[in-house]
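Below is coords_18.cif, which holds mmCIF, C-alpha atoms and all ligand atoms.
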```cif
data_data
#
loop_
_atom_site.label_atom_id
_atom_site.label_comp_id
_atom_site.auth_asym_id
_atom_site.auth_seq_id
_atom_site.Cartn_x
_atom_site.Cartn_y
_atom_site.Cartn_z
CA MET A 1 37.98 16.16 -15.17
CA MET A 2 35.86 18.10 -12.67
CA GLU A 3 36.95 21.71 -12.80
CA SER A 4 35.43 22.75 -9.48
CA PHE A 5 34.05 20.90 -6.50
CA VAL A 6 33.54 20.91 -2.74
CA PHE A 7 34.75 17.96 -0.67
CA PRO A 8 33.34 18.21 2.87
CA GLY A 9 35.78 15.66 4.41
CA LEU A 10 33.26 13.99 6.69
CA THR A 11 34.53 11.86 9.52
CA THR A 12 33.28 8.42 10.30
CA ARG A 13 35.86 6.02 11.71
CA VAL A 14 35.96 2.88 9.54
CA VAL A 15 37.46 -0.44 10.59
CA PHE A 16 37.52 -2.91 7.67
CA GLY A 17 38.70 -6.51 7.51
CA SER A 18 38.11 -10.10 8.55
CA GLY A 19 37.42 -10.80 12.23
CA THR A 20 37.00 -7.10 13.01
CA LEU A 21 33.81 -7.78 15.01
CA ALA A 22 36.18 -8.60 17.88
CA GLN A 23 37.14 -4.91 17.97
CA ALA A 24 33.63 -3.73 18.90
CA GLY A 25 34.54 -3.38 22.60
CA ASP A 26 37.66 -1.35 21.83
CA GLU A 27 35.68 0.87 19.51
CA LEU A 28 33.09 1.54 22.22
CA GLU A 29 35.92 2.39 24.62
CA ARG A 30 37.40 4.79 22.08
CA LEU A 31 34.03 6.55 22.05
CA GLY A 32 34.11 6.71 25.86
CA GLN A 33 31.12 4.40 26.13
CA SER A 34 30.96 1.79 28.89
CA ARG A 35 27.56 0.32 27.96
CA ALA A 36 25.75 -0.20 24.66
CA LEU A 37 22.43 -1.69 23.59
CA ILE A 38 22.88 -4.23 20.79
CA LEU A 39 20.33 -3.99 17.95
CA SER A 40 19.35 -6.62 15.37
CA THR A 41 16.42 -8.02 13.42
CA PRO A 42 14.65 -11.09 14.87
CA HIS A 43 16.47 -13.11 12.17
CA GLN A 44 19.92 -12.10 13.45
CA GLU A 45 19.14 -12.24 17.18
CA ASP A 46 21.55 -15.15 17.77
CA GLU A 47 24.48 -13.17 16.34
CA ALA A 48 23.45 -10.18 18.47
CA GLN A 49 23.33 -12.37 21.61
CA ARG A 50 26.79 -13.75 20.79
CA LEU A 51 28.12 -10.22 20.42
CA ALA A 52 26.52 -9.27 23.76
CA GLU A 53 28.28 -12.22 25.42
CA ALA A 54 31.59 -11.21 23.85
CA LEU A 55 31.14 -7.61 25.03
CA GLY A 56 30.41 -8.75 28.61
CA LYS A 57 29.77 -5.79 30.92
CA ARG A 58 29.75 -3.40 27.97
CA ALA A 59 26.53 -4.97 26.66
CA ALA A 60 23.42 -3.38 28.18
CA GLY A 61 21.09 -5.87 26.46
CA VAL A 62 19.77 -6.88 23.05
CA PHE A 63 16.81 -5.37 21.22
CA ALA A 64 16.05 -7.72 18.32
CA GLY A 65 13.01 -5.99 16.82
CA ALA A 66 14.48 -4.03 13.89
CA ALA A 67 12.19 -4.06 10.82
CA MET A 68 12.43 -2.88 7.23
CA HIS A 69 11.76 0.82 6.45
CA THR A 70 12.20 1.80 10.14
CA PRO A 71 8.59 1.91 11.38
CA VAL A 72 8.26 4.59 14.10
CA GLU A 73 6.33 2.19 16.38
CA VAL A 74 9.41 -0.07 16.52
CA THR A 75 11.66 2.92 17.22
CA GLN A 76 9.47 3.95 20.17
CA LYS A 77 9.77 0.47 21.70
CA ALA A 78 13.52 0.42 21.10
CA ILE A 79 13.97 3.83 22.74
CA ALA A 80 12.08 2.60 25.81
CA ALA A 81 14.48 -0.39 25.96
CA TYR A 82 17.50 1.88 25.39
CA GLU A 83 16.52 4.29 28.17
CA LYS A 84 15.75 1.48 30.60
CA SER A 85 19.11 -0.17 29.87
CA GLY A 86 21.17 2.83 30.96
CA ALA A 87 23.32 2.60 27.80
CA GLY A 88 25.00 5.58 26.14
CA ALA A 89 25.47 3.92 22.76
CA VAL A 90 23.90 1.48 20.35
CA VAL A 91 25.66 -1.21 18.34
CA SER A 92 23.66 -2.00 15.17
CA LEU A 93 24.51 -5.49 13.93
CA GLY A 94 22.75 -6.19 10.63
CA GLY A 95 21.60 -4.75 7.33
CA GLY A 96 20.06 -1.38 6.57
CA SER A 97 16.99 -2.07 8.71
CA THR A 98 19.08 -2.46 11.85
CA THR A 99 21.34 0.47 10.97
CA GLY A 100 18.17 2.53 10.43
CA LEU A 101 16.89 1.69 13.89
CA GLY A 102 20.22 2.72 15.42
CA LYS A 103 20.05 6.03 13.56
CA ALA A 104 16.44 6.64 14.65
CA ILE A 105 17.45 6.08 18.30
CA ALA A 106 20.56 8.27 17.98
CA LEU A 107 18.60 11.13 16.45
CA ARG A 108 16.18 11.19 19.38
CA THR A 109 18.58 10.43 22.26
CA SER A 110 22.10 11.52 21.12
CA ALA A 111 23.32 7.93 21.57
CA ASP A 112 26.69 7.15 19.96
CA GLN A 113 26.47 4.54 17.20
CA VAL A 114 28.73 1.70 16.16
CA ALA A 115 27.27 0.27 12.96
CA ILE A 116 28.29 -3.24 11.90
CA PRO A 117 26.74 -3.77 8.45
CA THR A 118 26.08 -7.30 7.23
CA THR A 119 24.60 -6.44 3.80
CA TYR A 120 25.67 -4.10 0.98
CA ALA A 121 22.72 -1.68 1.47
CA GLY A 122 25.03 1.13 2.53
CA SER A 123 23.13 2.98 5.25
CA GLU A 124 26.08 2.97 7.64
CA MET A 125 28.15 5.80 6.08
CA THR A 126 25.25 8.22 5.65
CA ASP A 127 23.42 10.95 7.54
CA ILE A 128 20.13 9.79 5.96
CA LEU A 129 17.23 8.28 7.86
CA GLY A 130 14.11 6.96 6.13
CA GLU A 131 11.21 6.25 8.48
CA THR A 132 7.75 4.86 7.87
CA SER A 133 4.59 6.03 9.54
CA GLU A 134 1.00 5.43 8.42
CA GLY A 135 2.02 3.99 5.05
CA ARG A 136 4.40 6.80 4.06
CA LYS A 137 8.15 6.86 4.03
CA THR A 138 9.79 10.18 4.83
CA THR A 139 13.51 10.78 4.56
CA ARG A 140 15.64 13.33 6.36
CA ARG A 141 19.31 14.20 6.61
CA ASP A 142 20.96 15.39 9.82
CA PRO A 143 24.58 15.15 11.03
CA ALA A 144 23.29 13.54 14.27
CA ILE A 145 22.13 10.55 12.19
CA ARG A 146 25.60 9.58 10.92
CA PRO A 147 27.20 6.70 12.90
CA GLU A 148 30.41 7.58 14.74
CA THR A 149 32.08 4.26 13.90
CA VAL A 150 31.54 1.58 11.26
CA ILE A 151 33.02 -1.90 11.60
CA TYR A 152 33.03 -3.88 8.33
CA ASP A 153 33.69 -7.55 9.06
CA VAL A 154 33.82 -9.60 5.85
CA ASP A 155 33.13 -12.80 7.84
CA LEU A 156 29.61 -11.56 8.72
CA THR A 157 28.65 -11.35 5.06
CA ARG A 158 29.38 -15.02 4.37
CA THR A 159 25.89 -15.98 5.60
CA LEU A 160 24.17 -13.53 3.26
CA PRO A 161 21.95 -15.66 0.96
CA VAL A 162 22.85 -15.49 -2.75
CA GLY A 163 19.55 -13.75 -3.64
CA LEU A 164 20.10 -10.95 -1.12
CA THR A 165 23.79 -10.78 -2.04
CA VAL A 166 22.75 -9.96 -5.62
CA THR A 167 19.94 -7.49 -4.87
CA SER A 168 21.90 -5.79 -2.08
CA ALA A 169 24.81 -5.29 -4.49
CA MET A 170 22.41 -3.78 -7.04
CA ASN A 171 21.17 -1.50 -4.23
CA ALA A 172 24.78 -0.37 -3.69
CA ILE A 173 25.29 0.18 -7.43
CA ALA A 174 22.22 2.44 -7.40
CA HIS A 175 23.97 4.78 -4.92
CA ALA A 176 26.96 5.03 -7.26
CA MET A 177 24.74 5.50 -10.30
CA GLU A 178 23.08 8.57 -8.78
CA ALA A 179 26.41 9.82 -7.38
CA PHE A 180 27.88 9.95 -10.92
CA TYR A 181 25.47 12.76 -11.85
CA ALA A 182 24.93 14.35 -8.42
CA PRO A 183 25.48 18.12 -8.44
CA ASP A 184 27.59 17.82 -5.25
CA ARG A 185 29.88 15.00 -6.47
CA SER A 186 33.67 15.30 -6.23
CA PRO A 187 36.68 13.51 -7.76
CA VAL A 188 37.21 11.31 -4.67
CA ILE A 189 33.64 10.08 -4.75
CA GLU A 190 33.81 9.48 -8.50
CA LEU A 191 36.99 7.39 -8.09
CA MET A 192 35.39 5.31 -5.35
CA CYS A 193 32.29 4.72 -7.48
CA ARG A 194 34.31 3.71 -10.54
CA ASP A 195 36.31 1.23 -8.47
CA ALA A 196 33.12 -0.14 -6.90
CA MET A 197 31.56 -0.78 -10.35
CA GLN A 198 34.58 -2.86 -11.39
CA ALA A 199 34.58 -4.73 -8.08
CA PHE A 200 30.89 -5.67 -8.39
CA LYS A 201 31.14 -6.47 -12.10
CA THR A 202 33.87 -9.04 -11.48
CA GLY A 203 33.08 -9.98 -7.87
CA LEU A 204 29.36 -10.68 -8.04
CA PRO A 205 29.52 -13.53 -10.61
CA GLN A 206 32.35 -15.03 -8.49
CA LEU A 207 30.16 -14.84 -5.38
CA ILE A 208 27.27 -16.56 -7.12
CA ALA A 209 29.60 -19.38 -8.15
CA ASP A 210 31.14 -19.58 -4.66
CA PRO A 211 29.18 -17.63 -1.98
CA GLN A 212 31.87 -18.46 0.62
CA SER A 213 34.77 -17.01 -1.38
CA GLN A 214 36.64 -14.81 1.10
CA GLN A 215 38.30 -12.86 -1.71
CA ALA A 216 35.01 -12.15 -3.54
CA ARG A 217 33.22 -11.30 -0.26
CA THR A 218 36.03 -8.86 0.58
CA ARG A 219 35.79 -7.21 -2.84
CA ALA A 220 32.01 -6.90 -2.56
CA LEU A 221 32.09 -5.41 0.95
CA TYR A 222 34.82 -2.98 -0.12
CA ALA A 223 32.62 -1.93 -3.06
CA ALA A 224 29.66 -1.55 -0.71
CA TRP A 225 31.74 0.76 1.50
CA CYS A 226 32.62 2.88 -1.57
CA CYS A 227 28.97 3.15 -2.60
CA SER A 228 27.82 3.88 0.94
CA THR A 229 30.42 6.63 1.23
CA ALA A 230 29.12 8.12 -2.02
CA LEU A 231 25.57 8.03 -0.68
CA GLY A 232 26.76 9.83 2.45
CA TYR A 233 28.42 12.64 0.50
CA VAL A 234 26.00 13.51 -2.29
CA SER A 235 22.33 14.13 -3.08
CA MET A 236 20.18 11.40 -4.59
CA ALA A 237 17.51 11.92 -7.25
CA LEU A 238 14.71 10.14 -9.14
CA HIS A 239 15.93 6.56 -8.66
CA HIS A 240 15.99 6.78 -4.86
CA LYS A 241 12.70 8.68 -4.81
CA LEU A 242 10.96 5.90 -6.74
CA ALA A 243 12.48 3.19 -4.53
CA HIS A 244 11.15 5.03 -1.46
CA VAL A 245 7.69 5.36 -2.99
CA PHE A 246 7.44 1.60 -3.48
CA GLY A 247 9.08 0.70 -0.17
CA GLY A 248 7.12 3.21 1.90
CA SER A 249 3.68 2.99 0.29
CA PHE A 250 3.58 -0.54 -1.19
CA ASP A 251 5.85 -2.22 1.39
CA THR A 252 8.04 -3.80 -1.28
CA PRO A 253 11.39 -5.24 -0.10
CA HIS A 254 14.10 -2.58 -0.23
CA ALA A 255 16.97 -4.30 -2.03
CA GLU A 256 14.78 -5.98 -4.68
CA THR A 257 12.98 -2.72 -5.40
CA HIS A 258 16.26 -0.89 -6.02
CA ALA A 259 17.53 -3.78 -8.11
CA ILE A 260 14.43 -3.82 -10.32
CA LEU A 261 14.23 -0.07 -10.89
CA LEU A 262 17.95 0.49 -11.51
CA PRO A 263 18.29 -0.29 -15.26
CA TYR A 264 15.15 1.73 -16.08
CA THR A 265 15.97 4.84 -14.00
CA THR A 266 19.54 4.72 -15.34
CA ALA A 267 18.30 4.56 -18.94
CA PHE A 268 15.83 7.38 -18.26
CA ASN A 269 18.51 9.76 -16.93
CA GLU A 270 21.18 8.61 -19.39
CA VAL A 271 19.30 10.50 -22.11
CA ALA A 272 20.17 13.75 -20.28
CA VAL A 273 23.65 12.93 -18.90
CA PRO A 274 25.32 10.24 -21.03
CA GLU A 275 28.86 11.45 -20.17
CA ALA A 276 28.23 11.35 -16.44
CA LEU A 277 26.96 7.77 -16.69
CA ALA A 278 29.71 6.64 -19.09
CA PRO A 279 31.66 4.89 -16.26
CA ILE A 280 28.67 2.57 -15.82
CA ALA A 281 28.41 1.87 -19.56
CA GLU A 282 32.18 1.16 -19.58
CA ALA A 283 32.02 -1.14 -16.56
CA PHE A 284 28.99 -3.19 -17.61
CA GLY A 285 29.24 -3.07 -21.43
CA GLY A 286 26.14 -3.42 -23.57
CA GLY A 287 26.53 -0.08 -25.33
CA SER A 288 24.68 2.01 -22.74
CA ALA A 289 24.55 2.37 -18.95
CA GLY A 290 20.88 1.32 -18.66
CA GLY A 291 21.22 -1.55 -21.14
CA GLY A 292 24.48 -2.69 -19.54
CA LEU A 293 22.91 -2.80 -16.10
CA TRP A 294 19.90 -4.73 -17.43
CA ASP A 295 22.27 -7.28 -19.03
CA PHE A 296 24.26 -7.55 -15.79
CA ALA A 297 21.06 -7.95 -13.76
CA SER A 298 19.98 -10.79 -16.10
CA GLU A 299 23.41 -12.43 -15.84
CA VAL A 300 23.42 -12.44 -12.02
CA GLY A 301 19.75 -13.43 -11.69
CA SER A 302 18.52 -10.14 -10.27
CA PRO A 303 14.74 -9.50 -10.57
CA LEU A 304 13.82 -7.31 -13.55
CA SER A 305 10.12 -6.52 -13.19
CA LEU A 306 8.01 -4.80 -10.53
CA GLN A 307 5.62 -7.75 -10.89
CA GLU A 308 8.21 -9.80 -9.00
CA VAL A 309 7.61 -7.73 -5.82
CA GLY A 310 3.82 -7.94 -6.08
CA ILE A 311 3.08 -4.63 -7.83
CA SER A 312 -0.03 -4.72 -10.02
CA GLU A 313 -0.34 -2.66 -13.19
CA ALA A 314 -3.07 -0.60 -11.47
CA ASP A 315 -0.60 0.32 -8.66
CA LEU A 316 1.57 2.18 -11.18
CA ASP A 317 -0.86 5.12 -11.34
CA ARG A 318 -0.75 5.71 -7.59
CA ALA A 319 3.03 5.28 -7.54
CA ALA A 320 3.39 7.89 -10.30
CA ASP A 321 1.15 10.31 -8.34
CA LEU A 322 3.27 9.86 -5.20
CA ALA A 323 6.54 10.25 -7.13
CA VAL A 324 5.61 13.73 -8.39
CA GLU A 325 4.05 15.01 -5.15
CA ASN A 326 7.15 16.96 -4.10
CA ARG A 327 9.72 18.60 -6.33
CA TYR A 328 13.31 17.34 -6.21
CA SER A 329 16.28 17.75 -8.45
CA ASN A 330 17.00 15.27 -11.23
CA PRO A 331 19.31 15.60 -14.24
CA ARG A 332 16.41 15.00 -16.64
CA PRO A 333 13.26 17.07 -16.11
CA PHE A 334 10.10 14.98 -15.95
CA ASP A 335 6.36 15.16 -15.50
CA ARG A 336 3.86 12.58 -14.30
CA ALA A 337 3.43 11.05 -17.77
CA ASP A 338 7.21 10.45 -18.01
CA ILE A 339 7.23 8.70 -14.65
CA ARG A 340 4.18 6.61 -15.51
CA ALA A 341 5.91 5.48 -18.75
CA LEU A 342 9.14 4.66 -16.87
CA LEU A 343 7.18 2.60 -14.32
CA GLN A 344 5.42 0.75 -17.12
CA GLN A 345 8.83 -0.27 -18.51
CA ALA A 346 9.94 -1.42 -15.05
CA TRP A 347 6.71 -3.41 -14.77
CA ASP A 348 7.02 -4.96 -18.24
CA GLY A 349 10.65 -5.87 -17.51
CA ALA A 350 11.92 -5.42 -21.09
CA ARG A 351 15.50 -4.30 -21.75
CA PRO A 352 15.57 -0.48 -21.85
CA GLY A 353 16.39 0.97 -25.23
CA SER A 354 15.55 -2.20 -27.18
P1 LIG B 1 17.59 -5.74 5.95
O1 LIG B 1 18.48 -5.02 6.89
O2 LIG B 1 16.11 -5.60 6.18
O3 LIG B 1 17.96 -7.27 5.94
C1 LIG B 1 17.13 -8.19 5.24
C2 LIG B 1 17.11 -9.52 6.00
O4 LIG B 1 18.38 -10.15 5.84
C3 LIG B 1 16.90 -9.36 7.50
O5 LIG B 1 16.11 -10.41 7.97
C4 LIG B 1 18.30 -9.47 8.05
O6 LIG B 1 18.34 -9.90 9.38
C5 LIG B 1 18.92 -10.47 7.10
N1 LIG B 1 20.37 -10.37 7.01
C6 LIG B 1 21.12 -9.24 6.96
N2 LIG B 1 22.41 -9.55 6.84
C7 LIG B 1 22.50 -10.91 6.82
C8 LIG B 1 23.58 -11.82 6.72
N3 LIG B 1 24.84 -11.39 6.58
N4 LIG B 1 23.30 -13.12 6.75
C9 LIG B 1 22.04 -13.57 6.84
N5 LIG B 1 20.96 -12.75 6.93
C10 LIG B 1 21.20 -11.43 6.92
O7 LIG B 1 17.86 -5.34 4.43
P2 LIG B 1 18.82 -4.27 3.75
O8 LIG B 1 18.54 -4.35 2.32
O9 LIG B 1 20.21 -4.40 4.22
O10 LIG B 1 18.31 -2.88 4.33
C11 LIG B 1 17.08 -2.31 3.92
C12 LIG B 1 16.75 -1.11 4.80
O11 LIG B 1 17.85 -0.22 4.85
C13 LIG B 1 15.57 -0.30 4.30
O12 LIG B 1 14.74 0.03 5.39
C14 LIG B 1 16.22 0.95 3.73
O13 LIG B 1 15.40 2.07 3.76
C15 LIG B 1 17.44 1.11 4.58
N6 LIG B 1 18.55 1.84 3.93
C16 LIG B 1 18.82 3.09 4.37
C17 LIG B 1 19.86 3.81 3.83
C18 LIG B 1 20.20 5.17 4.36
O14 LIG B 1 21.23 5.74 4.05
N7 LIG B 1 19.34 5.74 5.20
C19 LIG B 1 20.64 3.25 2.80
C20 LIG B 1 20.33 1.97 2.37
C21 LIG B 1 19.29 1.26 2.95
#
```
For the file at hand, write its structure as structure tokens.
Amino acid sequence: MMESFVFPGLTTRVVFGSGTLAQAGDELERLGQSRALILSTPHQEDEAQRLAEALGKRAAGVFAGAAMHTPVEVTQKAIAAYEKSGAGAVVSLGGGSTTGLGKAIALRTSADQVAIPTTYAGSEMTDILGETSEGRKTTRRDPAIRPETVIYDVDLTRTLPVGLTVTSAMNAIAHAMEAFYAPDRSPVIELMCRDAMQAFKTGLPQLIADPQSQQARTRALYAAWCCSTALGYVSMALHHKLAHVFGGSFDTPHAETHAILLPYTTAFNEVAVPEALAPIAEAFGGGSAGGGLWDFASEVGSPLSLQEVGISEADLDRAADLAVENRYSNPRPFDRADIRALLQQAWDGARPGS
């Protein structure tokens, strides 16, 4: 029982269901927007073009250049396209990379955003923008970054490959893991995170067995919304910092990096806050939160070692240096040697605590 808390009651309009993509035009109208630029990655350009056709006059064009970790060069090109198009809004159709591009445009132009997430990464409910410039990822929070509207359409997640389904779900679980011990957590966020853990624990094995299962896809997207909401309400700590170090400075893929680090960062912080992380230990079994997540990751075929994203043992020293460059809060105090040891475990890939 939390004896005191602050719940800021943030407002993002959420439309959740199957076939909800068809409501994109109505949602733009609700925002008072007559024209929007559609954003996607090159991989999802066809879906973006289909949405543009469906939106008719409301579509001001498609910019299909979104890339992972939101490089500022891409944002500059997208802003040029946005300004030329005469749009007042962006519609981001895709995973966290596309949502990130929409946020980067909105921050610089005041464009309204309709985010339509197609992974479980969870950027859509947050006021966080991570951008990469000259090999460094910097993260900022600003209310102007938060999308006005989020449309979750379960049907769009049916094409998500099994590998990305698994790592993206682990990425979502990482938001909940850090929310459980965040100093600014609240009972509503804790309830959402607990429910999300159960949904992923039962839903992810079902999805691996049947990636087209509408029921399991619905459960997973619901859980992703819970975890994204948590990320949007609370502060993150060591786990997210380390993921950003690898993504920003070693260009490792976002979801895999989170998935690999998660059991090790959880085990590291569990030493300091075992009660806070008890919901994870309860959901995943295995006697501890870190061990339970490692077991779950093994069961669902999630990568377990930094070697799997191309990190060499020599890279660990530079990563540890970068991770301790700035101070940030974490439930367990640490120094560079602690981080270097944690990274070694994540590189070795052995079950934490055994
Ligand atoms: P992604 O958006 O880069 O997508 C990975 C690939 O999968 C892309 O090629 C994409 O087009 C494709 N894809 C996406 N959905 C698909 C689908 N349903 N079917 C088939 N293919 C699909 O990957 P991601 O993991 O969703 O997002 C990673 C990015 O999001 C990183 O840049 C990260 O920093 C950012 N992020 C930001 C926040 C935040 O709050 N600021 C939170 C989470 C992630």
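Among the candidates A:Leu55, A:Ala78, A:Ala297, A:Ala237, the one nearest to A:Pro183 when counting only C-alpha atoms is A:Ala237.
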Listed atoms of stretch 191-200 of chain A, axis-aligned box, 6 Å per side: centre and edge lengths to one decimal in Å, as AutoDock Vina command-line options?
```
--center_x 33.9 --center_y 0.9 --center_z -8.4 --size_x 18.1 --size_y 25.1 --size_z 18.0
```
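Atom CA of A:Arg140 to atom N7 of ligand LIG 1 (chain B) spans 8.5 Å [interatomic distance, one decimal].
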Inset, instruction - Calculate how many Å separate atom CA of A:Asn269 from atom CA of A:Leu293, rounding to one decimal. - result: 13.3 Å
Legend entry - Best match for closeness to ligand LIG 1 (chain B) among A:Gly287, A:Gly310, A:Gly122, A:Pro274, counting all atoms listed in the file: A:Gly122
Inset, instruction - Rank nothing, just name the residue among A:Arg158, A:Phe296, A:Ala169, A:Thr138 nearest to A:Asn326, using all atoms listed in the file. - result: A:Thr138
Legend entry - Residue nearest ligand LIG 1 (chain B) among A:Pro161, A:Gly95, A:Gly301, A:Pro147 (counting all atoms listed in the file): A:Gly95
Legend entry - Counting all atoms listed in the file, the option among A:Asn330, A:Thr265, A:Thr12, A:Thr41 closest to ligand LIG 1 (chain B): A:Thr41
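Of the listed residues A:Ser4, A:Gln113, A:Ser186, A:Thr257, the one whose atoms come nearest to ligand LIG 1 (chain B) is A:Thr257, with distances taken using all atoms listed in the file.
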